[in-house]
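K.L.:
Compact mmCIF, C-alpha atoms, file final_38.txt:
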# COMPACT_ATOMS: atom_id res chain seq x y z
CA MET A 1 0.00 0.00 0.00
CA ASN A 2 2.82 2.33 0.82
CA TRP A 3 4.43 1.47 -2.42
CA ASP A 4 1.23 2.29 -4.38
CA TRP A 5 0.96 5.71 -2.65
CA ASP A 6 4.54 6.59 -3.44
CA LYS A 7 4.02 5.51 -7.02
CA LEU A 8 0.90 7.66 -7.29
CA GLN A 9 2.73 10.72 -5.95
CA GLN A 10 5.49 10.19 -8.48
CA ARG A 11 3.01 10.01 -11.34
CA GLN A 12 1.27 13.19 -10.22
CA HIS A 13 4.59 14.96 -10.01
CA GLU A 14 5.58 13.85 -13.49
CA ARG A 15 2.18 14.84 -14.79
CA GLY A 16 2.41 18.26 -13.23
CA ARG A 17 5.90 18.83 -14.61
CA GLY A 18 4.84 17.69 -18.02
CA SER A 19 1.84 19.95 -18.02
CA GLY A 20 4.11 22.85 -16.95
CA GLU A 21 6.51 22.21 -19.79
CA ASN A 22 3.65 22.01 -22.23
CA GLY A 23 2.25 25.34 -20.93
CA GLY A 24 -0.72 23.82 -19.12
CA GLY A 25 -2.87 25.84 -16.81
CA GLN A 26 -2.36 23.77 -13.69
CA PRO A 27 -1.66 26.09 -10.65
CA PRO A 28 1.63 25.80 -8.66
CA GLN A 29 1.68 23.39 -5.83
CA PHE A 30 1.84 24.41 -2.17
CA ASP A 31 5.29 22.92 -1.70
CA ASP A 32 6.68 25.08 -4.46
CA ILE A 33 5.28 28.18 -2.78
CA ILE A 34 6.85 27.23 0.54
CA ASN A 35 10.24 26.65 -1.10
CA LYS A 36 10.09 30.00 -2.82
CA LEU A 37 9.26 31.74 0.44
CA LYS A 38 12.17 30.04 2.16
CA ASP A 39 14.54 31.13 -0.63
CA PHE A 40 13.29 34.72 -0.37
CA GLN A 41 13.68 34.80 3.42
CA PHE A 42 17.22 33.43 3.16
CA LYS A 43 18.27 36.03 0.62
CA SER A 44 16.57 38.82 2.57
CA GLY A 45 18.42 37.77 5.72
CA TRP A 46 21.78 38.05 4.00
CA ILE A 47 20.89 41.44 2.60
CA LEU A 48 19.80 42.60 6.04
CA LEU A 49 23.05 41.39 7.56
CA VAL A 50 25.08 43.21 4.94
CA VAL A 51 23.10 46.42 5.46
CA LEU A 52 23.48 46.11 9.22
CA ALA A 53 27.23 45.57 8.91
CA VAL A 54 27.57 48.64 6.70
CA VAL A 55 25.57 50.73 9.18
CA ILE A 56 27.69 49.54 12.09
CA MET A 57 30.90 50.26 10.19
CA LEU A 58 29.79 53.75 9.24
CA GLY A 59 28.56 54.44 12.76
CA SER A 60 31.82 53.29 14.33
CA SER A 61 33.81 55.47 11.94
CA MET A 62 31.90 58.52 13.15
CA VAL A 63 33.10 58.15 16.74
CA TYR A 64 36.75 58.42 17.71
CA THR A 65 38.85 58.96 20.82
CA VAL A 66 41.98 61.13 21.14
CA ALA A 67 44.48 60.20 23.85
CA SER A 68 45.92 62.72 26.30
CA ASN A 69 49.34 62.80 24.62
CA GLU A 70 48.06 63.46 21.09
CA VAL A 71 45.72 65.53 18.95
CA GLY A 72 43.44 64.59 16.08
CA VAL A 73 43.67 66.30 12.69
CA ILE A 74 40.43 66.08 10.66
CA GLN A 75 40.40 66.19 6.84
CA ARG A 76 37.26 66.36 4.72
CA PHE A 77 37.86 64.98 1.25
CA GLY A 78 41.56 65.62 1.84
CA LYS A 79 41.18 69.25 2.98
CA TYR A 80 42.16 70.25 6.52
CA ILE A 81 39.11 71.15 8.63
CA ARG A 82 40.00 71.24 12.32
CA THR A 83 42.21 69.93 15.12
CA THR A 84 40.65 68.19 18.11
CA GLN A 85 42.13 67.73 21.55
CA SER A 86 42.01 64.71 23.83
CA GLY A 87 38.64 63.11 24.56
CA LEU A 88 35.66 61.57 22.75
CA HIS A 89 34.63 63.24 19.47
CA PHE A 90 32.38 62.74 16.43
CA LYS A 91 32.97 63.20 12.73
CA LEU A 92 31.42 62.36 9.39
CA PRO A 93 31.64 58.73 8.21
CA VAL A 94 34.68 57.23 6.60
CA GLY A 95 35.16 58.31 3.03
CA ILE A 96 34.04 61.83 3.87
CA GLU A 97 36.18 62.79 6.83
CA LYS A 98 39.49 61.25 7.81
CA ILE A 99 41.32 61.56 11.15
CA THR A 100 45.09 61.51 11.64
CA LYS A 101 46.37 61.31 15.20
CA VAL A 102 49.63 63.14 15.97
CA LYS A 103 51.50 62.56 19.23
CA THR A 104 52.44 66.08 20.36
CA LYS A 105 53.89 65.14 23.75
CA ARG A 106 56.08 62.29 22.60
CA VAL A 107 59.80 62.95 22.28
CA TYR A 108 61.29 61.61 19.05
CA ALA A 109 64.99 61.13 18.45
CA GLU A 110 67.34 61.18 15.47
CA GLU A 111 70.77 59.65 16.10
CA PHE A 112 74.01 60.51 14.32
CA GLY A 113 76.83 58.13 15.18
CA LEU A 114 75.05 57.28 18.44
CA LYS A 115 72.39 54.81 19.42
CA THR A 116 70.20 54.55 22.51
CA SER A 117 70.71 51.39 24.53
CA GLY A 118 68.85 50.12 27.59
CA ASP A 119 65.87 51.49 29.48
CA GLU A 120 67.98 54.25 31.03
CA GLY A 121 68.47 55.95 27.67
CA ARG A 122 72.24 55.75 27.60
CA PHE A 123 74.03 56.63 24.38
CA THR A 124 76.66 54.36 22.87
CA SER A 125 78.70 54.78 19.71
CA ASP A 126 77.30 53.37 16.50
CA GLN A 127 80.14 52.26 14.25
CA GLN A 128 77.82 51.75 11.28
CA GLY A 129 76.62 55.35 11.41
CA MET A 130 79.99 56.88 12.23
CA ASP A 131 80.52 58.27 8.71
CA VAL A 132 78.01 61.06 9.30
CA ALA A 133 79.92 62.03 12.47
CA LEU A 134 83.19 62.73 10.60
CA MET A 135 83.54 66.49 10.21
CA LEU A 136 86.17 69.02 9.16
CA THR A 137 87.04 71.53 11.87
CA GLY A 138 88.06 75.15 11.53
CA ASP A 139 91.79 74.34 11.84
CA LEU A 140 91.56 71.78 9.01
CA ASN A 141 91.49 68.71 11.26
CA VAL A 142 89.05 65.82 11.09
CA ALA A 143 86.94 65.22 14.18
CA VAL A 144 84.44 62.53 15.14
CA ILE A 145 81.34 64.29 16.55
CA PRO A 146 78.53 61.86 17.37
CA TRP A 147 75.32 63.49 18.54
CA ILE A 148 71.60 62.94 19.00
CA VAL A 149 68.66 65.28 18.35
CA GLN A 150 65.45 64.98 20.38
CA TYR A 151 62.35 66.83 19.24
CA ARG A 152 58.56 67.15 19.66
CA VAL A 153 55.71 68.07 17.32
CA LYS A 154 54.62 71.61 18.14
CA ASP A 155 52.34 72.40 15.19
CA PRO A 156 50.47 69.30 13.84
CA TYR A 157 49.21 71.16 10.76
CA ASN A 158 52.68 72.15 9.55
CA TYR A 159 54.04 68.76 10.57
CA LEU A 160 51.51 66.90 8.36
CA PHE A 161 51.01 69.22 5.40
CA LYS A 162 54.03 71.53 5.01
CA VAL A 163 56.81 68.91 4.81
CA GLU A 164 56.78 65.71 2.79
CA ASP A 165 59.46 63.73 4.68
CA VAL A 166 59.94 65.23 8.14
CA ASN A 167 62.51 62.72 9.39
CA ARG A 168 64.72 63.17 6.34
CA LEU A 169 64.47 66.95 6.60
CA ILE A 170 65.45 66.89 10.27
CA ARG A 171 68.47 64.70 9.57
CA ASP A 172 69.67 66.91 6.72
CA MET A 173 69.19 70.13 8.67
CA ALA A 174 70.76 68.72 11.84
CA GLU A 175 73.83 67.56 9.93
CA ALA A 176 74.16 70.92 8.15
CA SER A 177 73.85 72.82 11.44
CA MET A 178 76.42 70.67 13.23
CA ARG A 179 78.91 70.87 10.36
CA LEU A 180 78.52 74.65 10.31
CA VAL A 181 79.31 74.89 14.02
CA ALA A 182 82.23 72.47 13.79
CA GLY A 183 83.68 74.42 10.86
CA ASP A 184 84.07 77.48 13.09
CA ARG A 185 85.86 75.65 15.94
CA SER A 186 89.31 74.14 16.39
CA ILE A 187 89.82 70.49 17.20
CA ASN A 188 90.67 71.33 20.81
CA GLU A 189 87.44 73.31 21.20
CA ILE A 190 85.49 70.45 19.67
CA ILE A 191 86.85 68.06 22.29
CA SER A 192 86.71 70.34 25.33
CA LYS A 193 83.58 72.48 24.71
CA ARG A 194 80.88 69.97 23.85
CA HIS A 195 78.08 71.74 25.73
CA GLU A 196 78.72 75.06 23.98
CA ILE A 197 78.76 73.36 20.58
CA ALA A 198 75.52 71.47 21.33
CA ALA A 199 73.77 74.67 22.44
CA GLU A 200 74.91 76.60 19.37
CA ALA A 201 73.88 73.76 17.04
CA GLN A 202 70.44 73.58 18.70
CA VAL A 203 69.83 77.30 18.18
CA GLY A 204 70.83 77.12 14.52
CA LEU A 205 68.76 73.97 13.87
CA GLN A 206 65.64 75.42 15.50
CA LYS A 207 65.98 78.57 13.40
CA ASP A 208 66.19 76.53 10.17
CA LEU A 209 63.19 74.38 11.16
CA ASN A 210 61.11 77.46 11.93
CA GLU A 211 61.95 78.99 8.57
CA ALA A 212 60.93 75.73 6.85
CA GLU A 213 57.59 75.69 8.78
CA THR A 214 58.06 72.10 9.90
CA GLY A 215 56.04 72.48 13.11
CA ILE A 216 58.86 70.83 15.10
CA GLU A 217 60.39 72.00 18.38
CA ILE A 218 63.88 70.83 19.32
CA ALA A 219 63.96 69.49 22.87
CA THR A 220 67.71 68.98 23.16
CA VAL A 221 70.90 68.35 21.22
CA GLU A 222 73.40 66.16 23.05
CA LEU A 223 76.94 65.35 21.95
CA GLY A 224 78.72 62.09 22.66
CA ASN A 225 82.45 61.67 23.21
CA THR A 226 84.12 63.86 20.60
CA ASN A 227 87.57 62.82 19.42
CA VAL A 228 89.76 62.39 16.38
CA PRO A 229 89.46 59.30 14.14
CA GLN A 230 90.87 56.09 15.57
CA PRO A 231 93.86 55.78 13.15
CA VAL A 232 95.32 59.13 14.26
CA GLN A 233 94.47 59.11 17.96
CA ASP A 234 97.99 58.07 19.06
CA SER A 235 99.62 60.83 17.03
CA PHE A 236 97.06 63.33 18.25
CA ASN A 237 97.76 62.36 21.86
CA GLU A 238 101.50 62.87 21.31
CA VAL A 239 100.82 66.30 19.88
CA ASN A 240 98.67 67.15 22.88
CA ARG A 241 101.43 66.05 25.25
CA ALA A 242 103.92 68.20 23.37
CA VAL A 243 101.53 71.15 23.51
CA GLN A 244 101.06 70.64 27.25
CA GLN A 245 104.82 70.56 27.80
CA LYS A 246 105.13 73.73 25.75
CA GLU A 247 102.43 75.42 27.81
CA GLU A 248 104.11 74.29 31.02
CA THR A 249 107.47 75.69 29.89
CA ILE A 250 105.85 78.96 28.88
CA TYR A 251 104.08 79.12 32.25
CA LYS A 252 107.34 78.64 34.16
CA ALA A 253 109.08 81.26 32.02
CA ARG A 254 106.25 83.70 32.66
CA GLN A 255 106.42 82.95 36.36
CA GLU A 256 110.14 83.74 36.42
CA TYR A 257 109.51 86.79 34.28
CA ASN A 258 106.91 88.00 36.76
CA LYS A 259 109.47 87.67 39.55
CA VAL A 260 112.42 89.44 37.88
CA ILE A 261 110.85 92.08 35.67
CA PRO A 262 108.71 93.79 38.33
CA ARG A 263 111.68 93.97 40.70
CA ALA A 264 113.90 95.46 38.00
CA SER A 265 111.11 97.83 37.01
CA GLY A 266 110.77 98.91 40.65
CA GLU A 267 114.48 99.58 41.00
CA ALA A 268 114.55 101.50 37.74
CA GLN A 269 111.57 103.57 38.82
CA LYS A 270 113.24 104.22 42.16
CA THR A 271 116.42 105.43 40.43
CA ILE A 272 114.39 107.64 38.13
CA GLU A 273 112.50 109.16 41.04
CA SER A 274 115.77 109.76 42.93
CA ALA A 275 117.25 111.47 39.90
CA LYS A 276 114.17 113.59 39.55
CA GLY A 277 114.38 114.57 43.22
CA TYR A 278 118.06 115.43 42.94
CA ALA A 279 117.40 117.47 39.82
CA SER A 280 114.58 119.33 41.53
CA GLU A 281 116.80 120.03 44.53
CA ARG A 282 119.64 121.40 42.38
CA ILE A 283 117.26 123.47 40.34
CA ASN A 284 115.58 124.92 43.41
CA ARG A 285 118.98 125.63 45.02
CA ALA A 286 120.22 127.32 41.87
CA LYS A 287 117.07 129.38 41.69
CA GLY A 288 117.51 130.36 45.35
CA ASP A 289 121.13 131.38 44.80
CA ALA A 290 120.16 133.34 41.75
CA ASP A 291 117.40 135.10 43.63
CA ARG A 292 119.72 135.86 46.52
CA PHE A 293 122.38 137.21 44.16
CA GLU A 294 119.77 139.28 42.41
CA SER A 295 118.60 140.79 45.69
CA ARG A 296 122.17 141.58 46.71
CA PHE A 297 122.87 143.12 43.35
CA GLN A 298 119.83 145.32 43.72
CA ALA A 299 121.05 146.38 47.17
CA TYR A 300 124.56 146.93 45.83
CA THR A 301 123.35 149.21 43.07
CA GLY A 302 121.52 151.30 45.66
CA SER A 303 124.47 151.76 48.06
CA ARG A 304 127.65 150.29 46.75
CA ASP A 305 130.03 151.18 49.59
CA VAL A 306 127.83 149.89 52.34
CA THR A 307 126.96 146.73 50.42
CA ARG A 308 130.61 146.07 49.58
CA ARG A 309 131.60 146.38 53.21
CA ARG A 310 128.70 144.19 54.33
CA LEU A 311 129.61 141.50 51.85
CA TYR A 312 133.23 141.63 52.97
CA LEU A 313 132.26 141.30 56.62
CA GLU A 314 129.88 138.43 55.88
CA MET A 315 132.67 136.69 54.02
CA LEU A 316 135.03 137.09 56.95
CA GLU A 317 132.34 135.93 59.30
CA GLY A 318 132.11 132.72 57.41
CA VAL A 319 135.84 132.20 56.81
CA LEU A 320 137.50 133.20 60.08
CA PRO A 321 135.84 130.59 62.35
CA GLU A 322 137.38 127.88 60.17
CA LEU A 323 141.00 129.17 60.55
CA GLY A 324 141.66 128.16 64.17
CA SER A 325 143.91 130.40 66.36
CA LYS A 326 144.64 133.78 64.91
CA TYR A 327 147.63 136.07 65.82
CA ILE A 328 147.77 139.71 65.05
CA ILE A 329 151.37 141.03 64.89
CA ASP A 330 152.34 144.62 64.92
CA SER A 331 153.80 145.61 61.65
CA GLN A 332 156.54 147.52 63.46
CA GLN A 333 157.72 144.54 65.51
CA ASP A 334 161.43 143.94 64.76
CA ASN A 335 162.36 141.30 67.31
CA LEU A 336 161.12 137.81 66.56
CA LEU A 337 161.89 136.40 70.01
CA PRO A 338 158.46 137.09 71.47
CA LEU A 339 157.01 134.91 68.66
CA LEU A 340 158.69 131.71 69.94
CA ASN A 341 156.21 131.13 72.72
CA LEU A 342 153.10 131.67 70.64
CA GLY A 343 150.38 129.23 71.51
CA LYS A 344 151.92 128.01 74.80
CA ASP A 345 149.11 129.43 76.90
CA ILE A 346 146.56 127.77 74.68
CA ARG A 347 148.17 124.31 75.10
CA LYS A 348 148.22 124.75 78.86
Translate the structure described by the file into structure tokens.

P.N.:
Amino acid sequence: MNWDWDKLQQRQHERGRGSGENGGGQPPQFDDIINKLKDFQFKSGWILLVVLAVVIMLGSSMVYTVASNEVGVIQRFGKYIRTTQSGLHFKLPVGIEKITKVKTKRVYAEEFGLKTSGDEGRFTSDQQGMDVALMLTGDLNVAVIPWIVQYRVKDPYNYLFKVEDVNRLIRDMAEASMRLVAGDRSINEIISKRHEIAAEAQVGLQKDLNEAETGIEIATVELGNTNVPQPVQDSFNEVNRAVQQKEETIYKARQEYNKVIPRASGEAQKTIESAKGYASERINRAKGDADRFESRFQAYTGSRDVTRRRLYLEMLEGVLPELGSKYIIDSQQDNLLPLLNLGKDIRK
């Protein structure tokens, strides 16, 4: 019986298919309608899923978050629109507006002959990048000047849109600035005045970056151990020792010079002052004698006899005390015997 029912269903199915092929007017069966509805629901579900996925994607692209150490730069069809600070923000869907996040508080670094090693940020020499550190100094020597440049993004707009390759520009400008500073210094200054060179290079580099509108602020420029190239270090050290010996000899000579020359200069000045004093004394004495003679001459012209007698008496007054005992003999004395005992009373 089951077999007959299955056979009957098969015949009806064949009859219905044949009538459909021949264009008969038999209506569609209920099973066909159910199958068509199932196919439509399946396709509609996939379409709904696709639409829902697109809506979710567009909705998620309209919401974005900016961290505390960065800013968001919004572009609408490639044109700059605005800059947003940290926090939750909204924008138009993807394809219309685009966001680029720029870390403005992060410190970037460009290394020249140096490399950062370890968590402590120590700098060690980089032999592979040492060629860029070879520079010609102002006294025509070759120096090895490794250094590192640390910088931050100050203006996100200029940083993104004014310069095509920021890192390459910073490296080129930093190298040009350092070579310019090294070209004005001697090899000894390069080795002994690293902080001054780093400060001068930082000022020059920041000026060039500002003129180029890069939107970059230099945080620091730090030099490593500056020296001469390895093949000539021994010779350079010998030259330095010779220069130090020369300076020491010059220092000792100057020390001895400072001992002898001031003493000789003092003695010479003392002699000169003594001569000046003696000359002043003689001149003043001569002027006094001349004035005294002049006054006497004036008195003599007024009364010649009296002045002549006074001068004669003054002369005797000055001469006679120096003669010792004086004897006045009568011009009419003929006998010399009384002269034998002259001076006896004085000796007693």

K.L.:
For a test of reading the model, state the distance in Å between atom CA of A:Val73 and atom CA of A:Ala109, rounded to one decimal.

P.N.:
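About the pair atom CA of A:Val73 and atom CA of A:Ala109: they are 22.7 Å apart.
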
K.L.:
Mind pulling up the distance from atom CA of A:Arg106 to atom CA of A:Lys162?

P.N.:
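Value for the atom CA of A:Lys162-atom CA of A:Arg106 distance: 20.0 Å.
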
K.L.:
Tell me, as a PyMOL selection string, which residues lie within 8 Å of A:Thr226, counting only C-alpha atoms; anything in the same chain fewer than 6 positions away does not count.

P.N.:
chain A and resi 143-146+190-191+194

K.L.:
Would you mind reading off the distance between atom CA of A:Ala199 and atom CA of A:Val232, one decimal, in Å?

P.N.:
27.8 Å

K.L.:
Restricting the calculation to all atoms listed in the file, which member of A:Gln150, A:Gln332, A:Asn141, A:Thr307 is positioned closest to A:Val228?

P.N.:
A:Asn141

K.L.:
Pick the closest to A:Ala182 from A:Pro321, A:Pro231, A:Gly138, A:Gly224: which is it, counting all atoms listed in the file?

P.N.:
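Of A:Pro321, A:Pro231, A:Gly138, A:Gly224, the one nearest A:Ala182, counting all atoms listed in the file, is A:Gly138.
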
K.L.:
Go through A:Lys207, A:Lys270, A:Arg76, A:Lys98 and flag the residue nearest A:Val63, using all atoms listed in the file for the distances.

P.N.:
A:Lys98

K.L.:
Neighbouring residues of A:Pro229 were defined as those with any atom within 12 Å, considering only C-alpha atoms; residues of the same chain fewer than 6 positions away were excluded. Please report them as a VMD selection string.

P.N.:
chain A and resid 127 130 to 131 133 to 136 141 to 146 187 235 to 237
